[in-house]
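Structure data follow from final-v9.txt (compact mmCIF, N, CA and C atoms):
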```txt
# COMPACT_ATOMS: atom_id res chain seq x y z
N MET A 22 0.83 -1.18 0.00
CA MET A 22 0.00 0.00 0.00
C MET A 22 0.88 1.25 0.00
N MET A 23 1.96 1.18 0.77
CA MET A 23 2.85 2.33 0.83
C MET A 23 3.51 2.57 -0.53
N ASN A 24 3.77 1.50 -1.29
CA ASN A 24 4.36 1.65 -2.62
C ASN A 24 3.43 2.43 -3.54
N LEU A 25 2.12 2.23 -3.39
CA LEU A 25 1.15 2.97 -4.20
C LEU A 25 1.30 4.46 -3.96
N MET A 26 1.46 4.83 -2.70
CA MET A 26 1.56 6.25 -2.37
C MET A 26 2.87 6.83 -2.89
N VAL A 27 3.92 6.03 -2.93
CA VAL A 27 5.22 6.52 -3.38
C VAL A 27 5.35 6.47 -4.90
N ASP A 28 5.04 5.30 -5.48
CA ASP A 28 5.29 5.07 -6.91
C ASP A 28 4.13 5.43 -7.81
N GLY A 29 2.93 5.54 -7.28
CA GLY A 29 1.76 5.77 -8.11
C GLY A 29 1.21 4.47 -8.64
N ILE A 30 0.32 4.55 -9.60
CA ILE A 30 -0.38 3.38 -10.12
C ILE A 30 0.30 2.91 -11.39
N LYS A 31 0.53 1.62 -11.49
CA LYS A 31 1.12 1.03 -12.69
C LYS A 31 0.00 0.53 -13.60
N ARG A 32 0.31 0.30 -14.86
CA ARG A 32 -0.71 -0.12 -15.82
C ARG A 32 -1.37 -1.44 -15.43
N GLU A 33 -0.61 -2.34 -14.83
CA GLU A 33 -1.17 -3.65 -14.48
C GLU A 33 -1.91 -3.62 -13.16
N GLY A 34 -2.07 -2.47 -12.55
CA GLY A 34 -2.80 -2.37 -11.29
C GLY A 34 -1.87 -2.60 -10.12
N LEU A 35 -2.44 -2.80 -8.98
CA LEU A 35 -1.66 -3.06 -7.77
C LEU A 35 -1.27 -4.53 -7.71
N GLN A 36 -0.17 -4.82 -7.09
CA GLN A 36 0.29 -6.18 -6.93
C GLN A 36 0.24 -6.55 -5.45
N LEU A 37 -0.24 -7.76 -5.16
CA LEU A 37 -0.20 -8.25 -3.79
C LEU A 37 1.25 -8.53 -3.44
N PRO A 38 1.60 -8.46 -2.15
CA PRO A 38 2.97 -8.77 -1.75
C PRO A 38 3.35 -10.18 -2.22
N PRO A 39 4.64 -10.45 -2.48
CA PRO A 39 5.09 -11.73 -3.02
C PRO A 39 4.63 -12.93 -2.20
N GLN A 40 4.49 -12.82 -0.90
CA GLN A 40 4.08 -13.96 -0.09
C GLN A 40 2.69 -14.43 -0.46
N HIS A 41 1.82 -13.54 -0.94
CA HIS A 41 0.46 -13.93 -1.29
C HIS A 41 0.36 -14.45 -2.71
N GLN A 42 1.27 -14.07 -3.57
CA GLN A 42 1.25 -14.59 -4.92
C GLN A 42 1.66 -16.05 -4.94
N ALA A 43 2.55 -16.46 -4.04
CA ALA A 43 2.99 -17.84 -3.98
C ALA A 43 1.90 -18.75 -3.45
N GLU A 44 0.90 -18.21 -2.76
CA GLU A 44 -0.16 -19.02 -2.21
C GLU A 44 -1.22 -19.40 -3.24
N ALA A 45 -1.18 -18.80 -4.43
CA ALA A 45 -2.17 -19.11 -5.45
C ALA A 45 -2.02 -20.56 -5.88
N PRO A 46 -3.13 -21.31 -6.03
CA PRO A 46 -3.02 -22.71 -6.41
C PRO A 46 -2.50 -22.84 -7.84
N GLU A 47 -1.73 -23.89 -8.08
CA GLU A 47 -1.20 -24.16 -9.41
C GLU A 47 -2.34 -24.59 -10.33
N LYS A 48 -2.15 -24.40 -11.63
CA LYS A 48 -3.20 -24.74 -12.60
C LYS A 48 -3.07 -26.18 -13.09
N GLU A 49 -2.27 -27.01 -12.41
CA GLU A 49 -2.06 -28.38 -12.83
C GLU A 49 -3.12 -29.30 -12.24
N GLY A 50 -4.36 -29.01 -12.46
CA GLY A 50 -5.44 -29.89 -12.03
C GLY A 50 -5.91 -29.66 -10.61
N ILE A 51 -5.34 -28.74 -9.89
CA ILE A 51 -5.80 -28.47 -8.53
C ILE A 51 -6.84 -27.37 -8.59
N LYS A 52 -8.02 -27.67 -8.09
CA LYS A 52 -9.08 -26.67 -8.07
C LYS A 52 -8.87 -25.79 -6.85
N PRO A 53 -9.36 -24.53 -6.90
CA PRO A 53 -9.16 -23.63 -5.78
C PRO A 53 -9.67 -24.20 -4.46
N GLU A 54 -10.79 -24.93 -4.49
CA GLU A 54 -11.31 -25.46 -3.24
C GLU A 54 -10.48 -26.62 -2.71
N GLU A 55 -9.62 -27.23 -3.58
CA GLU A 55 -8.76 -28.31 -3.15
C GLU A 55 -7.42 -27.81 -2.65
N ALA A 56 -7.11 -26.54 -2.87
CA ALA A 56 -5.83 -25.98 -2.45
C ALA A 56 -5.76 -25.99 -0.93
N PRO A 57 -4.59 -26.27 -0.38
CA PRO A 57 -4.46 -26.28 1.08
C PRO A 57 -4.75 -24.90 1.64
N GLN A 58 -5.47 -24.88 2.72
CA GLN A 58 -5.84 -23.62 3.36
C GLN A 58 -4.78 -23.27 4.40
N GLU A 59 -3.82 -22.44 4.03
CA GLU A 59 -2.77 -22.02 4.94
C GLU A 59 -3.11 -20.64 5.47
N GLN A 60 -2.88 -20.45 6.72
CA GLN A 60 -3.09 -19.15 7.33
C GLN A 60 -1.86 -18.30 7.07
N PRO A 61 -2.02 -17.07 6.56
CA PRO A 61 -0.85 -16.22 6.35
C PRO A 61 -0.21 -15.88 7.69
N ALA A 62 1.09 -15.68 7.65
CA ALA A 62 1.80 -15.32 8.88
C ALA A 62 1.32 -13.95 9.34
N VAL A 63 0.84 -13.89 10.55
CA VAL A 63 0.32 -12.64 11.10
C VAL A 63 1.30 -12.14 12.14
N LYS A 64 1.64 -10.87 12.04
CA LYS A 64 2.53 -10.28 13.00
C LYS A 64 1.82 -10.24 14.35
N GLU A 65 2.48 -10.74 15.36
CA GLU A 65 1.89 -10.81 16.69
C GLU A 65 1.73 -9.40 17.25
N LYS A 66 0.54 -9.08 17.68
CA LYS A 66 0.25 -7.78 18.26
C LYS A 66 0.35 -7.89 19.78
N PRO A 67 0.79 -6.83 20.44
CA PRO A 67 0.85 -6.88 21.90
C PRO A 67 -0.55 -7.10 22.47
N LYS A 68 -0.66 -8.00 23.43
CA LYS A 68 -1.95 -8.34 24.01
C LYS A 68 -2.09 -7.74 25.40
N SER A 69 -3.31 -7.38 25.75
CA SER A 69 -3.61 -6.90 27.08
C SER A 69 -3.59 -8.08 28.04
N LYS A 70 -3.05 -7.87 29.23
CA LYS A 70 -2.98 -8.94 30.21
C LYS A 70 -4.37 -9.32 30.73
N ARG A 71 -5.26 -8.34 30.79
CA ARG A 71 -6.59 -8.60 31.34
C ARG A 71 -7.53 -9.25 30.34
N THR A 72 -7.58 -8.74 29.12
CA THR A 72 -8.59 -9.19 28.17
C THR A 72 -8.05 -10.04 27.04
N GLY A 73 -6.74 -10.06 26.84
CA GLY A 73 -6.17 -10.81 25.73
C GLY A 73 -6.28 -10.07 24.41
N GLU A 74 -6.84 -8.88 24.41
CA GLU A 74 -6.99 -8.08 23.20
C GLU A 74 -5.70 -7.29 22.96
N PRO A 75 -5.47 -6.85 21.71
CA PRO A 75 -4.28 -6.03 21.46
C PRO A 75 -4.29 -4.80 22.36
N GLU A 76 -3.15 -4.46 22.89
CA GLU A 76 -3.01 -3.33 23.79
C GLU A 76 -3.04 -2.03 22.98
N TYR A 77 -4.11 -1.26 23.14
CA TYR A 77 -4.35 -0.05 22.36
C TYR A 77 -3.19 0.94 22.48
N GLU A 78 -2.78 1.20 23.68
CA GLU A 78 -1.75 2.21 23.88
C GLU A 78 -0.41 1.80 23.29
N SER A 79 -0.07 0.53 23.35
CA SER A 79 1.22 0.11 22.79
C SER A 79 1.21 0.14 21.27
N ILE A 80 0.03 0.05 20.67
CA ILE A 80 -0.07 0.09 19.21
C ILE A 80 -0.09 1.52 18.70
N PHE A 81 -0.89 2.38 19.33
CA PHE A 81 -1.14 3.70 18.76
C PHE A 81 -0.40 4.85 19.42
N PHE A 82 0.24 4.63 20.54
CA PHE A 82 0.93 5.73 21.21
C PHE A 82 2.43 5.50 21.26
N LYS A 83 3.00 5.20 20.10
CA LYS A 83 4.45 5.07 19.96
C LYS A 83 4.94 6.18 19.05
N LYS A 84 6.18 6.55 19.21
CA LYS A 84 6.77 7.62 18.41
C LYS A 84 7.02 7.12 16.98
N PRO A 85 6.63 7.91 15.97
CA PRO A 85 6.87 7.49 14.58
C PRO A 85 8.31 7.75 14.16
N ASP A 86 8.68 7.18 13.02
CA ASP A 86 10.03 7.36 12.49
C ASP A 86 10.18 8.68 11.74
N THR A 87 9.08 9.35 11.47
CA THR A 87 9.13 10.59 10.70
C THR A 87 8.60 11.75 11.53
N ASN A 88 8.75 12.94 11.00
CA ASN A 88 8.24 14.15 11.64
C ASN A 88 7.11 14.73 10.82
N ALA A 89 6.27 15.53 11.45
CA ALA A 89 5.15 16.15 10.75
C ALA A 89 5.65 17.01 9.60
N ARG A 90 6.77 17.65 9.77
CA ARG A 90 7.27 18.54 8.70
C ARG A 90 7.69 17.77 7.45
N ASP A 91 7.90 16.45 7.58
CA ASP A 91 8.25 15.62 6.43
C ASP A 91 7.03 15.18 5.64
N GLY A 92 5.84 15.40 6.18
CA GLY A 92 4.60 14.92 5.55
C GLY A 92 3.91 16.00 4.75
N LYS A 93 2.63 15.82 4.57
CA LYS A 93 1.80 16.76 3.81
C LYS A 93 0.69 17.29 4.71
N THR A 94 0.12 18.42 4.32
CA THR A 94 -0.99 19.00 5.05
C THR A 94 -2.28 18.28 4.69
N VAL A 95 -3.02 17.89 5.71
CA VAL A 95 -4.31 17.24 5.52
C VAL A 95 -5.30 17.93 6.45
N TYR A 96 -6.46 18.28 5.91
CA TYR A 96 -7.47 18.93 6.72
C TYR A 96 -8.46 17.90 7.23
N ILE A 97 -8.84 18.04 8.49
CA ILE A 97 -9.83 17.16 9.09
C ILE A 97 -10.93 18.01 9.71
N ARG A 98 -12.07 17.37 9.95
CA ARG A 98 -13.19 18.09 10.55
C ARG A 98 -12.82 18.60 11.94
N PRO A 99 -13.34 19.76 12.31
CA PRO A 99 -13.03 20.32 13.63
C PRO A 99 -13.39 19.39 14.79
N ASP A 100 -14.52 18.66 14.68
CA ASP A 100 -14.89 17.77 15.79
C ASP A 100 -13.91 16.60 15.90
N PHE A 101 -13.37 16.11 14.77
CA PHE A 101 -12.36 15.06 14.83
C PHE A 101 -11.08 15.60 15.47
N HIS A 102 -10.72 16.82 15.12
CA HIS A 102 -9.51 17.42 15.69
C HIS A 102 -9.66 17.54 17.20
N GLU A 103 -10.82 17.95 17.64
CA GLU A 103 -11.08 18.08 19.08
C GLU A 103 -10.94 16.72 19.78
N LYS A 104 -11.52 15.67 19.19
CA LYS A 104 -11.43 14.33 19.78
C LYS A 104 -9.99 13.84 19.79
N LEU A 105 -9.28 14.03 18.69
CA LEU A 105 -7.89 13.60 18.62
C LEU A 105 -7.04 14.33 19.65
N SER A 106 -7.27 15.62 19.81
CA SER A 106 -6.53 16.40 20.80
C SER A 106 -6.74 15.86 22.20
N ARG A 107 -7.98 15.57 22.54
CA ARG A 107 -8.30 15.05 23.87
C ARG A 107 -7.69 13.67 24.08
N ILE A 108 -7.76 12.81 23.09
CA ILE A 108 -7.18 11.47 23.20
C ILE A 108 -5.67 11.56 23.43
N VAL A 109 -5.01 12.40 22.65
CA VAL A 109 -3.56 12.56 22.78
C VAL A 109 -3.20 13.16 24.13
N GLN A 110 -3.99 14.12 24.60
CA GLN A 110 -3.71 14.76 25.89
C GLN A 110 -3.91 13.79 27.05
N VAL A 111 -5.00 13.07 27.04
CA VAL A 111 -5.35 12.24 28.19
C VAL A 111 -4.66 10.88 28.14
N ILE A 112 -4.92 10.10 27.09
CA ILE A 112 -4.34 8.76 27.02
C ILE A 112 -2.84 8.84 26.76
N GLY A 113 -2.45 9.72 25.84
CA GLY A 113 -1.04 9.86 25.50
C GLY A 113 -0.27 10.72 26.48
N GLU A 114 -0.95 11.28 27.47
CA GLU A 114 -0.33 12.11 28.50
C GLU A 114 0.54 13.22 27.93
N ASP A 115 0.10 13.79 26.82
CA ASP A 115 0.82 14.87 26.13
C ASP A 115 2.26 14.51 25.76
N LYS A 116 2.54 13.22 25.60
CA LYS A 116 3.88 12.78 25.22
C LYS A 116 3.96 12.46 23.74
N ILE A 117 2.87 12.58 23.04
CA ILE A 117 2.83 12.25 21.61
C ILE A 117 1.99 13.31 20.91
N THR A 118 2.30 13.56 19.65
CA THR A 118 1.57 14.57 18.88
C THR A 118 0.38 13.95 18.15
N ILE A 119 -0.52 14.81 17.69
CA ILE A 119 -1.64 14.33 16.87
C ILE A 119 -1.08 13.66 15.61
N TYR A 120 -0.04 14.24 15.04
CA TYR A 120 0.59 13.66 13.85
C TYR A 120 1.03 12.23 14.13
N ALA A 121 1.72 12.00 15.25
CA ALA A 121 2.21 10.67 15.58
C ALA A 121 1.05 9.70 15.78
N TYR A 122 0.00 10.13 16.45
CA TYR A 122 -1.16 9.28 16.68
C TYR A 122 -1.83 8.90 15.36
N LEU A 123 -2.03 9.88 14.48
CA LEU A 123 -2.63 9.60 13.17
C LEU A 123 -1.72 8.72 12.32
N ASP A 124 -0.42 8.92 12.40
CA ASP A 124 0.53 8.09 11.66
C ASP A 124 0.39 6.63 12.10
N ASN A 125 0.28 6.40 13.40
CA ASN A 125 0.11 5.04 13.92
C ASN A 125 -1.23 4.45 13.52
N LEU A 126 -2.29 5.27 13.53
CA LEU A 126 -3.61 4.79 13.10
C LEU A 126 -3.59 4.35 11.64
N LEU A 127 -2.99 5.16 10.79
CA LEU A 127 -2.94 4.84 9.37
C LEU A 127 -2.04 3.63 9.10
N ASP A 128 -0.93 3.54 9.80
CA ASP A 128 -0.04 2.40 9.65
C ASP A 128 -0.78 1.11 10.01
N TYR A 129 -1.50 1.11 11.11
CA TYR A 129 -2.28 -0.05 11.52
C TYR A 129 -3.36 -0.38 10.49
N HIS A 130 -4.05 0.65 10.01
CA HIS A 130 -5.12 0.47 9.02
C HIS A 130 -4.57 -0.20 7.75
N PHE A 131 -3.44 0.29 7.23
CA PHE A 131 -2.89 -0.27 6.00
C PHE A 131 -2.36 -1.69 6.21
N HIS A 132 -1.82 -2.00 7.38
CA HIS A 132 -1.38 -3.37 7.65
C HIS A 132 -2.58 -4.30 7.80
N GLU A 133 -3.62 -3.82 8.46
CA GLU A 133 -4.79 -4.66 8.74
C GLU A 133 -5.63 -4.91 7.49
N PHE A 134 -5.79 -3.89 6.65
CA PHE A 134 -6.70 -3.98 5.52
C PHE A 134 -6.00 -3.88 4.16
N GLY A 135 -4.68 -3.95 4.13
CA GLY A 135 -3.92 -3.77 2.89
C GLY A 135 -4.33 -4.71 1.77
N GLU A 136 -4.52 -5.99 2.08
CA GLU A 136 -4.91 -6.96 1.04
C GLU A 136 -6.29 -6.64 0.48
N GLN A 137 -7.22 -6.30 1.35
CA GLN A 137 -8.58 -5.97 0.90
C GLN A 137 -8.57 -4.70 0.06
N ILE A 138 -7.80 -3.72 0.47
CA ILE A 138 -7.70 -2.47 -0.29
C ILE A 138 -7.12 -2.76 -1.67
N THR A 139 -6.07 -3.58 -1.73
CA THR A 139 -5.44 -3.92 -3.01
C THR A 139 -6.42 -4.64 -3.93
N ARG A 140 -7.13 -5.63 -3.40
CA ARG A 140 -8.11 -6.37 -4.23
C ARG A 140 -9.21 -5.44 -4.73
N SER A 141 -9.76 -4.63 -3.85
CA SER A 141 -10.83 -3.71 -4.24
C SER A 141 -10.34 -2.71 -5.29
N PHE A 142 -9.13 -2.19 -5.08
CA PHE A 142 -8.56 -1.25 -6.03
C PHE A 142 -8.41 -1.90 -7.40
N ASN A 143 -7.85 -3.11 -7.44
CA ASN A 143 -7.63 -3.80 -8.72
C ASN A 143 -8.95 -4.14 -9.40
N ASP A 144 -9.99 -4.43 -8.63
CA ASP A 144 -11.31 -4.72 -9.21
C ASP A 144 -11.89 -3.49 -9.90
N LYS A 145 -11.61 -2.33 -9.36
CA LYS A 145 -12.20 -1.10 -9.88
C LYS A 145 -11.29 -0.35 -10.85
N TYR A 146 -9.98 -0.60 -10.79
CA TYR A 146 -9.03 0.12 -11.64
C TYR A 146 -8.97 -0.51 -13.03
N LYS A 147 -9.30 0.27 -14.02
CA LYS A 147 -9.25 -0.19 -15.42
C LYS A 147 -8.35 0.78 -16.18
N PRO A 148 -7.15 0.30 -16.60
CA PRO A 148 -6.24 1.19 -17.33
C PRO A 148 -6.84 1.61 -18.68
N ILE A 149 -6.43 2.76 -19.15
CA ILE A 149 -6.93 3.30 -20.41
C ILE A 149 -6.46 2.46 -21.58
N LEU A 150 -5.21 2.05 -21.59
CA LEU A 150 -4.67 1.30 -22.71
C LEU A 150 -4.63 -0.16 -22.41
```

Can the structure in the file be given as C-alpha cells, please?
Amino acid sequence: MMNLMVDGIKREGLQLPPQHQAEAPEKEGIKPEEAPQEQPAVKEKPKSKRTGEPEYESIFFKKPDTNARDGKTVYIRPDFHEKLSRIVQVIGEDKITIYAYLDNLLDYHFHEFGEQITRSFNDKYKPIL
C-alpha cells in the first residue's frame, strides 16, 4: 500500500505482496477449493494482560520514524480534531503529537486492511490502454 503512495499506479494495477502470490493454487489440475488452506503469517500484536486483546496504547501511542514537517498537510473536521486532541492529551499524557497518533492509526489500518484495499482497487481500476 505504501508503494502505491510513493510510486503511483502502474498499468497492471496493484500487486499483492510476493508472499500472497505464492499461495495461489497451481493450474495443474488443482481446483481452488482443493488448495491447502494455509493461514498467512500474522505479525503478533501486543496483548492486554486482562482481556487478551491487542493493547491499544502500545499500538497507537508510539513515536513514529518521521516528523510532521516531512509529511503533507491534511485537513480534518473540527470535531475530529477536538477528539484527537483530547485522546492525545489524556491517554497519551501529552507525550505524543496528533501527527504521531494519526501516523500510527494509518499504519495499523494499511497493515490490517492492505490486502482488501489492493483487491478492491484492482477490481475497480481499469487502465486506459

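For the pair atom C of A:Arg98 and atom C of A:Lys116, the interatomic distance is 21.4 Å.
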
Within 9 Å of A:Leu105 using only C-alpha atoms, minus same-chain residues under 6 positions, as JSON, numbers by chain: {"A": [119, 122, 123]}

For A:Glu78, the nearest of the candidates A:Asp100, A:Ile112, A:Val95, A:Leu126, counting only N, CA and C atoms: A:Ile112

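Atom CA of A:Ala121 sits 8.1 Å away from atom N of A:Thr87.
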
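If you look at atom CA of A:Gly92 and atom CA of A:Asp124, they are 10.0 Å away from each other.
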
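Residue nearest A:Lys84, chosen from A:Val109, A:Glu133, A:Ile117, A:Ile97 and counting all atoms listed in the file: A:Ile117.
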